[in-house]
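Participant: Data: run-v9.cif, mmCIF, C-alpha atoms.
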```cif
data_structure
#
loop_
_atom_site.label_atom_id
_atom_site.label_comp_id
_atom_site.auth_asym_id
_atom_site.auth_seq_id
_atom_site.Cartn_x
_atom_site.Cartn_y
_atom_site.Cartn_z
CA MET N 261 0.00 0.00 0.00
CA MET N 262 2.81 2.41 0.91
CA GLY N 263 4.74 1.49 -2.24
CA ARG N 264 2.41 3.66 -4.38
CA LEU N 265 3.04 6.91 -2.50
CA SER N 266 4.73 8.39 -5.56
CA SER N 267 1.25 8.78 -7.06
CA PRO N 268 -0.17 12.14 -5.81
CA PRO N 269 -3.84 10.96 -5.75
CA TRP N 270 -2.91 7.81 -3.84
CA LEU N 271 -0.66 9.78 -1.46
CA THR N 272 -3.52 12.21 -0.75
CA LEU N 273 -6.01 9.39 -0.20
CA ILE N 274 -3.71 7.44 2.14
CA PHE N 275 -2.81 10.54 4.12
CA ILE N 276 -6.45 11.64 4.59
CA TRP N 277 -7.56 8.13 5.55
CA LEU N 278 -4.77 7.62 8.10
CA PHE N 279 -5.18 11.11 9.53
CA VAL N 280 -8.95 10.72 9.99
CA VAL N 281 -8.61 7.27 11.58
CA SER N 282 -5.81 8.52 13.86
CA LEU N 283 -7.93 11.53 14.82
CA GLY N 284 -10.82 9.21 15.62
CA SER N 285 -8.60 7.17 17.95
CA VAL N 286 -7.41 10.34 19.67
CA PHE N 287 -11.01 11.46 20.13
CA CYS N 288 -11.78 8.11 21.78
CA VAL N 289 -8.87 8.57 24.19
CA VAL N 290 -10.09 12.08 25.02
CA ARG N 291 -13.69 10.91 25.42
CA HIS N 292 -12.73 8.34 28.05
CA SER N 293 -10.45 10.90 29.70
CA GLU N 294 -13.42 13.26 29.96
CA HIS N 295 -15.57 10.53 31.52
CA LEU N 296 -12.90 10.08 34.17
CA ALA N 297 -12.70 13.86 34.52
CA ILE N 298 -16.43 14.06 35.31
CA ARG N 299 -16.07 11.40 37.98
CA LEU N 300 -12.94 12.81 39.61
CA GLY N 301 -13.80 16.51 39.39
CA GLU N 302 -11.43 19.43 38.90
CA PRO N 303 -8.50 19.84 38.74
CA TYR N 304 -7.91 16.09 38.39
CA GLY N 305 -10.19 15.84 35.38
CA THR N 306 -8.30 18.39 33.30
CA LEU N 307 -5.00 16.86 34.47
CA ILE N 308 -5.94 13.40 33.17
CA LEU N 309 -7.01 14.90 29.84
CA THR N 310 -3.78 16.86 29.34
CA LEU N 311 -1.57 13.94 30.36
CA ALA N 312 -3.36 11.59 27.95
CA VAL N 313 -2.95 14.02 25.05
CA THR N 314 0.70 14.66 25.97
CA ALA N 315 1.36 10.91 25.85
CA ILE N 316 -0.12 10.79 22.35
CA GLU N 317 2.04 13.74 21.34
CA VAL N 318 5.25 12.08 22.56
CA ILE N 319 4.33 8.84 20.79
CA SER N 320 3.59 10.64 17.51
CA ILE N 321 6.77 12.75 17.53
CA ALA N 322 9.00 9.81 18.48
CA THR N 323 7.47 7.61 15.78
CA MET N 324 8.00 10.20 13.05
CA MET N 325 11.56 10.85 14.22
CA LEU N 326 12.42 7.16 14.05
CA HIS N 327 10.73 6.53 10.68
CA GLY N 328 11.80 9.56 8.71
CA THR N 329 14.86 11.46 7.59
CA ASN N 330 16.05 14.97 8.40
CA ASN N 331 13.84 15.07 11.49
CA SER N 332 16.17 16.97 13.83
CA THR N 333 13.78 19.96 13.90
CA LEU N 334 10.57 17.94 14.26
CA VAL N 335 10.42 18.35 18.05
CA ARG N 336 10.89 22.12 17.79
CA ASP N 337 8.35 22.46 14.99
CA THR N 338 5.76 20.38 16.83
CA LEU N 339 6.22 22.17 20.15
CA PHE N 340 5.95 25.56 18.47
CA ALA N 341 2.90 24.41 16.51
CA VAL N 342 1.19 23.21 19.70
CA VAL N 343 1.89 26.55 21.41
CA MET N 344 0.54 28.49 18.42
CA ILE N 345 -2.51 26.25 17.91
CA ILE N 346 -3.49 26.32 21.58
CA LEU N 347 -2.50 29.81 22.76
CA ASN N 348 -3.71 31.48 19.57
CA GLY N 349 -6.07 29.17 17.68
CA MET N 350 -7.81 27.38 20.57
CA VAL N 351 -7.82 30.32 22.98
CA GLY N 352 -8.88 32.73 20.23
CA LEU N 353 -11.77 30.61 19.03
CA SER N 354 -12.92 29.87 22.59
CA LEU N 355 -12.93 33.54 23.56
CA LEU N 356 -14.61 34.56 20.32
CA VAL N 357 -17.37 31.94 20.59
CA GLY N 358 -17.87 32.50 24.31
CA GLY N 359 -17.77 36.29 24.01
CA TRP N 360 -20.17 36.31 21.07
CA ARG N 361 -22.71 34.25 22.97
CA HIS N 362 -22.26 35.67 26.48
CA ARG N 363 -20.70 39.10 25.75
CA GLU N 364 -18.24 38.89 28.67
CA GLN N 365 -16.89 35.89 30.55
CA GLN N 366 -14.93 35.39 33.76
CA HIS N 367 -12.14 33.09 34.87
CA ASN N 368 -9.98 32.75 37.98
CA LEU N 369 -7.10 35.20 37.56
CA GLN N 370 -4.90 33.36 40.07
CA GLY N 371 -5.13 30.13 38.10
CA ALA N 372 -4.28 31.73 34.76
CA SER N 373 -1.37 33.58 36.38
CA ALA N 374 -0.06 30.31 37.85
CA TYR N 375 -0.17 28.63 34.44
CA LEU N 376 1.56 31.52 32.64
CA SER N 377 4.22 31.95 35.32
CA VAL N 378 5.47 28.45 34.45
CA ILE N 379 4.65 28.40 30.73
CA ILE N 380 6.62 31.57 29.90
CA PRO N 381 10.04 30.62 31.36
CA LEU N 382 9.83 27.03 30.15
CA THR N 383 8.83 28.08 26.63
CA VAL N 384 11.56 30.72 26.34
CA LEU N 385 14.27 28.45 27.78
CA SER N 386 13.22 25.59 25.47
CA LEU N 387 12.59 27.41 22.18
CA VAL N 388 14.56 30.68 22.39
CA LEU N 389 17.62 30.16 24.62
CA PRO N 390 19.26 27.49 22.36
CA ASN N 391 19.81 30.22 19.74
CA PHE N 392 22.06 32.14 22.11
CA THR N 393 24.15 29.41 23.76
CA VAL N 394 27.72 29.04 22.45
CA THR N 395 28.72 25.66 23.87
CA THR N 396 27.41 23.85 20.78
CA PRO N 397 27.04 25.09 17.18
CA GLY N 398 23.61 26.05 15.92
CA PRO N 399 20.32 26.29 17.85
CA THR N 400 21.10 23.27 20.04
CA LEU N 401 22.02 22.61 23.65
CA SER N 402 24.96 20.75 25.12
CA TRP N 403 24.44 17.55 27.09
CA ALA N 404 24.77 19.40 30.41
CA GLN N 405 22.33 22.09 29.27
CA GLU N 406 19.81 19.47 28.14
CA VAL N 407 20.06 17.71 31.53
CA PHE N 408 19.49 21.03 33.30
CA LEU N 409 16.49 21.87 31.08
CA THR N 410 15.01 18.39 31.63
CA LEU N 411 15.35 18.57 35.42
CA MET N 412 14.08 22.13 35.57
CA ALA N 413 11.05 21.38 33.37
CA LEU N 414 10.10 18.32 35.41
CA GLY N 415 10.72 20.17 38.66
CA LEU N 416 8.58 23.16 37.73
CA TYR N 417 5.81 20.94 36.37
CA GLY N 418 5.88 18.86 39.55
CA THR N 419 5.69 22.01 41.67
CA PHE N 420 2.77 23.25 39.61
CA LEU N 421 0.93 19.95 40.08
CA ALA N 422 1.43 20.28 43.83
CA ILE N 423 -0.41 23.60 43.95
CA GLN N 424 -3.00 22.51 41.39
CA THR N 425 -4.01 19.31 43.13
CA SER N 426 -3.35 20.17 46.77
CA ARG N 427 -2.28 23.51 48.20
CA HIS N 428 -4.18 25.92 45.92
CA ARG N 429 -6.88 23.90 44.18
CA THR N 430 -9.32 26.82 44.34
CA TYR N 431 -7.13 28.77 41.88
CA PHE N 432 -8.41 26.50 39.12
CA ALA N 433 -12.14 26.82 39.76
CA LEU N 434 -14.43 29.83 39.66
CA GLY N 435 -16.84 31.26 42.19
CA GLU N 436 -17.73 30.78 45.80
CA GLY N 437 -18.40 27.08 45.25
CA ALA N 438 -14.86 26.43 44.06
CA GLU N 439 -13.95 24.40 47.08
CA LYS N 440 -17.05 22.29 46.64
CA THR N 441 -16.59 21.94 42.90
CA ASN N 442 -13.07 20.68 43.33
CA GLU N 443 -14.06 17.80 45.57
CA PRO N 444 -13.83 14.44 43.74
CA ARG N 445 -17.21 12.98 42.93
CA HIS N 446 -18.25 9.63 44.34
CA ALA N 447 -18.14 7.51 41.21
CA ASN N 448 -18.94 3.91 40.56
CA PRO N 449 -15.53 2.16 40.81
CA ARG N 450 -16.46 -0.28 38.06
CA SER N 451 -17.34 2.56 35.69
CA SER N 452 -14.08 4.40 36.43
CA THR N 453 -12.08 1.21 35.94
CA LEU N 454 -13.79 0.52 32.61
CA HIS N 455 -13.00 3.98 31.27
CA THR N 456 -9.39 3.64 32.44
CA VAL N 457 -9.02 0.32 30.63
CA LEU N 458 -10.63 1.68 27.44
CA LEU N 459 -8.44 4.79 27.57
CA ALA N 460 -5.34 2.60 27.66
CA ALA N 461 -6.74 0.30 24.95
CA TYR N 462 -7.34 3.17 22.53
CA MET N 463 -3.74 4.31 23.02
CA LEU N 464 -2.50 1.16 21.27
CA PRO N 465 -3.97 1.92 17.81
CA VAL N 466 -2.64 5.47 18.17
CA VAL N 467 0.90 4.03 18.34
CA PHE N 468 0.35 1.87 15.25
CA LEU N 469 -1.40 4.59 13.26
CA ALA N 470 1.29 7.15 14.13
CA GLU N 471 3.89 4.84 12.61
CA GLN N 472 1.81 4.43 9.45
CA LEU N 473 1.04 8.15 9.21
CA ALA N 474 4.73 9.03 9.48
CA GLN N 475 5.43 7.54 6.05
CA PRO N 476 3.11 9.70 3.89
CA ILE N 477 3.97 12.84 5.91
CA ASN N 478 7.70 12.33 5.48
CA TYR N 479 7.20 11.44 1.81
CA LEU N 480 5.18 14.60 1.28
CA ILE N 481 7.85 16.78 2.87
CA ASP N 482 10.86 15.09 1.26
CA ILE N 483 9.59 14.54 -2.27
CA PHE N 484 7.42 17.60 -2.79
CA HIS N 485 9.75 19.96 -0.89
CA ALA N 486 6.99 21.06 1.45
CA PRO N 487 8.01 23.25 4.43
CA ALA N 488 9.67 21.15 7.13
CA ALA N 489 7.43 22.81 9.74
CA LEU N 490 4.41 21.21 8.05
CA GLY N 491 5.15 17.89 9.76
CA GLY N 492 5.07 19.52 13.18
CA LEU N 493 1.84 21.34 12.33
CA LEU N 494 0.11 18.11 11.27
CA ILE N 495 1.12 16.30 14.46
CA ALA N 496 0.04 19.26 16.57
CA MET N 497 -3.33 19.37 14.79
CA LEU N 498 -3.80 15.66 15.43
CA VAL N 499 -3.23 15.90 19.18
CA ALA N 500 -4.74 19.34 19.80
CA THR N 501 -8.01 19.07 17.85
CA PRO N 502 -9.94 17.01 20.46
CA GLU N 503 -8.87 19.39 23.24
CA ALA N 504 -9.80 22.35 21.06
CA VAL N 505 -13.31 20.96 20.66
CA GLY N 506 -13.59 20.55 24.44
CA ALA N 507 -12.26 24.05 25.15
CA VAL N 508 -14.61 25.73 22.65
CA ARG N 509 -17.57 23.69 23.90
CA ALA N 510 -16.83 24.74 27.49
CA ALA N 511 -16.56 28.43 26.53
CA LYS N 512 -19.82 28.22 24.60
CA ALA N 513 -21.50 26.78 27.70
CA ASN N 514 -20.17 29.78 29.68
CA ASP N 515 -17.65 27.61 31.55
CA LEU N 516 -14.61 29.66 30.59
CA GLN N 517 -12.69 28.39 33.60
CA ARG N 518 -12.64 24.84 32.23
CA SER N 519 -11.70 26.20 28.80
CA VAL N 520 -8.75 28.08 30.34
CA ASN N 521 -7.71 24.99 32.33
CA ILE N 522 -7.74 22.84 29.19
CA SER N 523 -5.90 25.37 27.00
CA LEU N 524 -3.17 26.53 29.38
CA GLY N 525 -2.85 23.06 30.91
CA SER N 526 -2.18 21.58 27.48
CA VAL N 527 0.60 24.08 26.73
CA LEU N 528 2.18 23.52 30.13
CA ALA N 529 2.09 19.73 29.80
CA THR N 530 3.56 19.94 26.30
CA ILE N 531 6.52 22.07 27.38
CA GLY N 532 6.95 20.54 30.83
CA LEU N 533 6.72 16.89 29.81
CA THR N 534 7.24 16.57 26.05
CA VAL N 535 10.56 18.46 26.01
CA PRO N 536 12.18 16.22 28.68
CA ALA N 537 10.75 13.07 27.07
CA MET N 538 12.04 13.96 23.61
CA LEU N 539 15.49 14.96 24.90
CA VAL N 540 15.77 11.55 26.57
CA ILE N 541 14.58 9.76 23.42
CA GLY N 542 17.03 11.81 21.36
CA HIS N 543 19.93 10.64 23.55
CA LEU N 544 18.80 7.01 23.42
CA THR N 545 18.43 7.02 19.62
CA GLY N 546 21.41 9.26 18.81
CA ILE N 547 19.22 11.90 17.13
CA LYS N 548 20.30 15.48 17.80
CA ILE N 549 17.36 17.60 18.87
CA VAL N 550 17.25 21.14 17.45
CA LEU N 551 15.12 23.35 19.70
CA GLY N 552 15.88 26.97 18.86
CA LEU N 553 13.32 28.85 16.75
CA GLN N 554 14.53 30.75 13.71
CA GLN N 555 13.78 34.02 11.94
CA ALA N 556 10.17 35.29 12.16
CA ASN N 557 9.15 32.68 14.72
CA LEU N 558 11.50 34.33 17.21
CA VAL N 559 9.22 37.36 17.03
CA LEU N 560 5.90 35.50 16.94
CA LEU N 561 6.53 33.44 20.08
CA PRO N 562 7.31 36.35 22.47
CA LEU N 563 4.43 38.32 20.94
CA THR N 564 2.06 35.44 21.65
CA LEU N 565 3.26 35.15 25.26
CA VAL N 566 2.89 38.91 25.88
CA VAL N 567 -0.62 38.97 24.36
CA SER N 568 -1.58 35.92 26.47
CA VAL N 569 -0.51 37.73 29.65
CA ILE N 570 -2.60 40.76 28.66
CA THR N 571 -5.61 38.59 27.72
CA PHE N 572 -5.77 36.80 31.08
CA ALA N 573 -4.63 39.75 33.24
CA SER N 574 -8.07 41.05 34.22
CA GLY N 575 -10.03 37.85 34.81
CA ARG N 576 -12.57 38.94 32.18
CA THR N 577 -12.60 38.32 28.43
CA ASN N 578 -14.61 39.33 25.37
CA ILE N 579 -14.54 38.89 21.60
CA LEU N 580 -11.72 41.43 21.13
CA GLN N 581 -9.13 39.18 22.79
CA GLY N 582 -10.40 36.25 20.75
CA ALA N 583 -9.99 38.17 17.49
CA VAL N 584 -6.42 39.19 18.39
CA HIS N 585 -5.36 35.60 19.15
CA LEU N 586 -6.93 34.28 15.95
CA LEU N 587 -5.06 36.94 13.97
CA LEU N 588 -1.78 35.76 15.49
CA PHE N 589 -2.68 32.17 14.58
CA ALA N 590 -3.35 33.24 10.97
CA ALA N 591 0.07 34.92 10.94
CA TYR N 592 1.68 31.67 12.12
CA VAL N 593 0.05 29.62 9.35
CA MET N 594 1.03 32.22 6.74
CA LEU N 595 4.67 32.21 7.90
CA ILE N 596 4.92 28.43 7.46
CA PHE N 597 4.50 28.85 3.70
CA GLN N 598 5.70 32.44 3.27
CA GLY N 599 8.32 32.77 5.98
#
```
Turn the structure described in the file into structure tokens.
Facilitator:
Amino acid sequence: MMGRLSSPPWLTLIFIWLFVVSLGSVFCVVRHSEHLAIRLGEPYGTLILTLAVTAIEVISIATMMLHGTNNSTLVRDTLFAVVMIILNGMVGLSLLVGGWRHREQQHNLQGASAYLSVIIPLTVLSLVLPNFTVTTPGPTLSWAQEVFLTLMALGLYGTFLAIQTSRHRTYFALGEGAEKTNEPRHANPRSSTLHTVLLAAYMLPVVFLAEQLAQPINYLIDIFHAPAALGGLLIAMLVATPEAVGAVRAAKANDLQRSVNISLGSVLATIGLTVPAMLVIGHLTGIKIVLGLQQANLVLLPLTLVVSVITFASGRTNILQGAVHLLLFAAYVMLIFQG
């Protein structure tokens, strides 16, 4: 089947079929994660969802790295694509839909500030700092620098989880009933166990499909000289789409707090967990990981982070912030092809 990829119609058909089936598997993983989320309550529910999607992301990136050529920038491209899709595309659409329907929406300012206080340093140290280090040539890190980044990312993420799930759980819920809302619900143990088993079961086809999908994506990029960043964008779309649906649905239902938890939690998990995982896999496989962003992306990333701080600074949002974020997402997509 893969031997006929040189035929453009067949390549297009295979790619669409594999992408749709892979997306369906990811949606199944997310659906069972959401069932567990309902039973466990916040913030555990959002945490399970983001960890499940992060696992899929790591699997997809690792599979494409091991089954393609010239993939040293795949981790960087995918991480940047996830940040742009979530912080601009997902946040923008959620705020636009929610603001259009409810005019103005509220979220817990302390929770958003906690997310951004970890996201900003981790993102800059992972995707910007490698351009300015001199120990190794190019936008890469030395072994000691990668170890430091790995330990720091895991340490900060672990500290964040401590305040999210224990010390300051009310930061991630809204209103006077936050403390009550955050209490885990008394669920049927059998039902929770079933959803846990099905969640793990649906992860298996994701691994297989990611390996199959890597072939047409790499063929498309190598043979047709498509932008290298396209591979990262496609992976990011695959893993972020189900969460985007959940975030927009929550904002539409006037539950902006859950939308914020999903969006910012996804970015944090991606930077805090995917970067260390891929650096370890890179060492084990001998693949050098290029992390530093280049050219226009070095402007777009800080701009996105600054706008995100402004968007969530007041605890209230409307359609204007949504329009700004969507404009930045459009600029990102344009720069992939006209950078």
Participant: Could you tell me which of N:Leu409, N:Ala488, N:Leu347, N:Leu561 comes closest to Val527 (chain N) if we count only C-alpha atoms?
Facilitator: N:Leu347
Participant: Enumerate, as a short mmCIF file (atom, residue, chain, number, x, y, z; two decimals) with C-alpha atoms, keeping the file's coordinate frame, the residues matched when the PyMOL selection byres ((chain N and resi 563-580) around 10) is run on the file above.
Facilitator:
```cif
data_model
loop_
_atom_site.label_atom_id
_atom_site.label_comp_id
_atom_site.auth_asym_id
_atom_site.auth_seq_id
_atom_site.Cartn_x
_atom_site.Cartn_y
_atom_site.Cartn_z
CA VAL N 343 1.89 26.55 21.41
CA MET N 344 0.54 28.49 18.42
CA LEU N 347 -2.50 29.81 22.76
CA ASN N 348 -3.71 31.48 19.57
CA VAL N 351 -7.82 30.32 22.98
CA GLY N 352 -8.88 32.73 20.23
CA LEU N 353 -11.77 30.61 19.03
CA SER N 354 -12.92 29.87 22.59
CA LEU N 355 -12.93 33.54 23.56
CA LEU N 356 -14.61 34.56 20.32
CA VAL N 357 -17.37 31.94 20.59
CA GLY N 358 -17.87 32.50 24.31
CA GLY N 359 -17.77 36.29 24.01
CA TRP N 360 -20.17 36.31 21.07
CA ARG N 361 -22.71 34.25 22.97
CA HIS N 362 -22.26 35.67 26.48
CA ARG N 363 -20.70 39.10 25.75
CA GLU N 364 -18.24 38.89 28.67
CA GLN N 365 -16.89 35.89 30.55
CA GLN N 366 -14.93 35.39 33.76
CA HIS N 367 -12.14 33.09 34.87
CA ASN N 368 -9.98 32.75 37.98
CA LEU N 369 -7.10 35.20 37.56
CA GLN N 370 -4.90 33.36 40.07
CA GLY N 371 -5.13 30.13 38.10
CA ALA N 372 -4.28 31.73 34.76
CA SER N 373 -1.37 33.58 36.38
CA LEU N 376 1.56 31.52 32.64
CA SER N 377 4.22 31.95 35.32
CA ILE N 379 4.65 28.40 30.73
CA ILE N 380 6.62 31.57 29.90
CA THR N 383 8.83 28.08 26.63
CA VAL N 384 11.56 30.72 26.34
CA LEU N 516 -14.61 29.66 30.59
CA GLN N 517 -12.69 28.39 33.60
CA VAL N 520 -8.75 28.08 30.34
CA LEU N 524 -3.17 26.53 29.38
CA ASN N 557 9.15 32.68 14.72
CA LEU N 558 11.50 34.33 17.21
CA VAL N 559 9.22 37.36 17.03
CA LEU N 560 5.90 35.50 16.94
CA LEU N 561 6.53 33.44 20.08
CA PRO N 562 7.31 36.35 22.47
CA GLN N 581 -9.13 39.18 22.79
CA GLY N 582 -10.40 36.25 20.75
CA ALA N 583 -9.99 38.17 17.49
CA VAL N 584 -6.42 39.19 18.39
CA HIS N 585 -5.36 35.60 19.15
CA LEU N 588 -1.78 35.76 15.49
CA PHE N 589 -2.68 32.17 14.58
#
```
Participant: Using the chain letters and numbers from this file, what does the PyMOL selection byres ((chain N and resi 462) around 10) select? Give the answer as number ranges by chain.
Facilitator: N: 284-290, 292, 457-461, 463-467
Participant: Could you work out an axis-aligned box for region 483-496 of chain N, taking every atom the file lists and adding 6 Å on each side, and report centre and edge lengths in Å to one decimal, as AutoDock Vina command-line options?
Facilitator:
```
--center_x 4.9 --center_y 18.9 --center_z 6.9 --size_x 21.7 --size_y 20.7 --size_z 31.4
```
Participant: CA of Ser519 (chain N) and CA of Ala422 (chain N), how far apart in Å?
Facilitator: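 Going from CA of Ala422 (chain N) over to CA of Ser519 (chain N) covers 20.8 Å.
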Participant: Specify as a VMD selection string each residue included when the PyMOL selection byres ((chain N and resi 405) around 12) is applied to this file.
Facilitator: chain N and resid 385 to 386 389 to 390 393 to 396 400 to 404 406 to 412 536 539
Participant: Pick the closest to Leu469 (chain N) from N:Leu494, N:Ile346, N:Ser320, N:Leu296: which is it, counting only C-alpha atoms?
Facilitator: N:Ser320
Participant: Expressed in Å to a single decimal, how great is the separation between CA of Leu307 (chain N) and CA of Ala489 (chain N)?
Facilitator: 28.3 Å
Participant: Between CA of Met538 (chain N) and CA of Ile522 (chain N), measure the distance and give it in Å to one decimal.
Facilitator: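 Between CA of Met538 (chain N) and CA of Ile522 (chain N) the gap is 22.4 Å.
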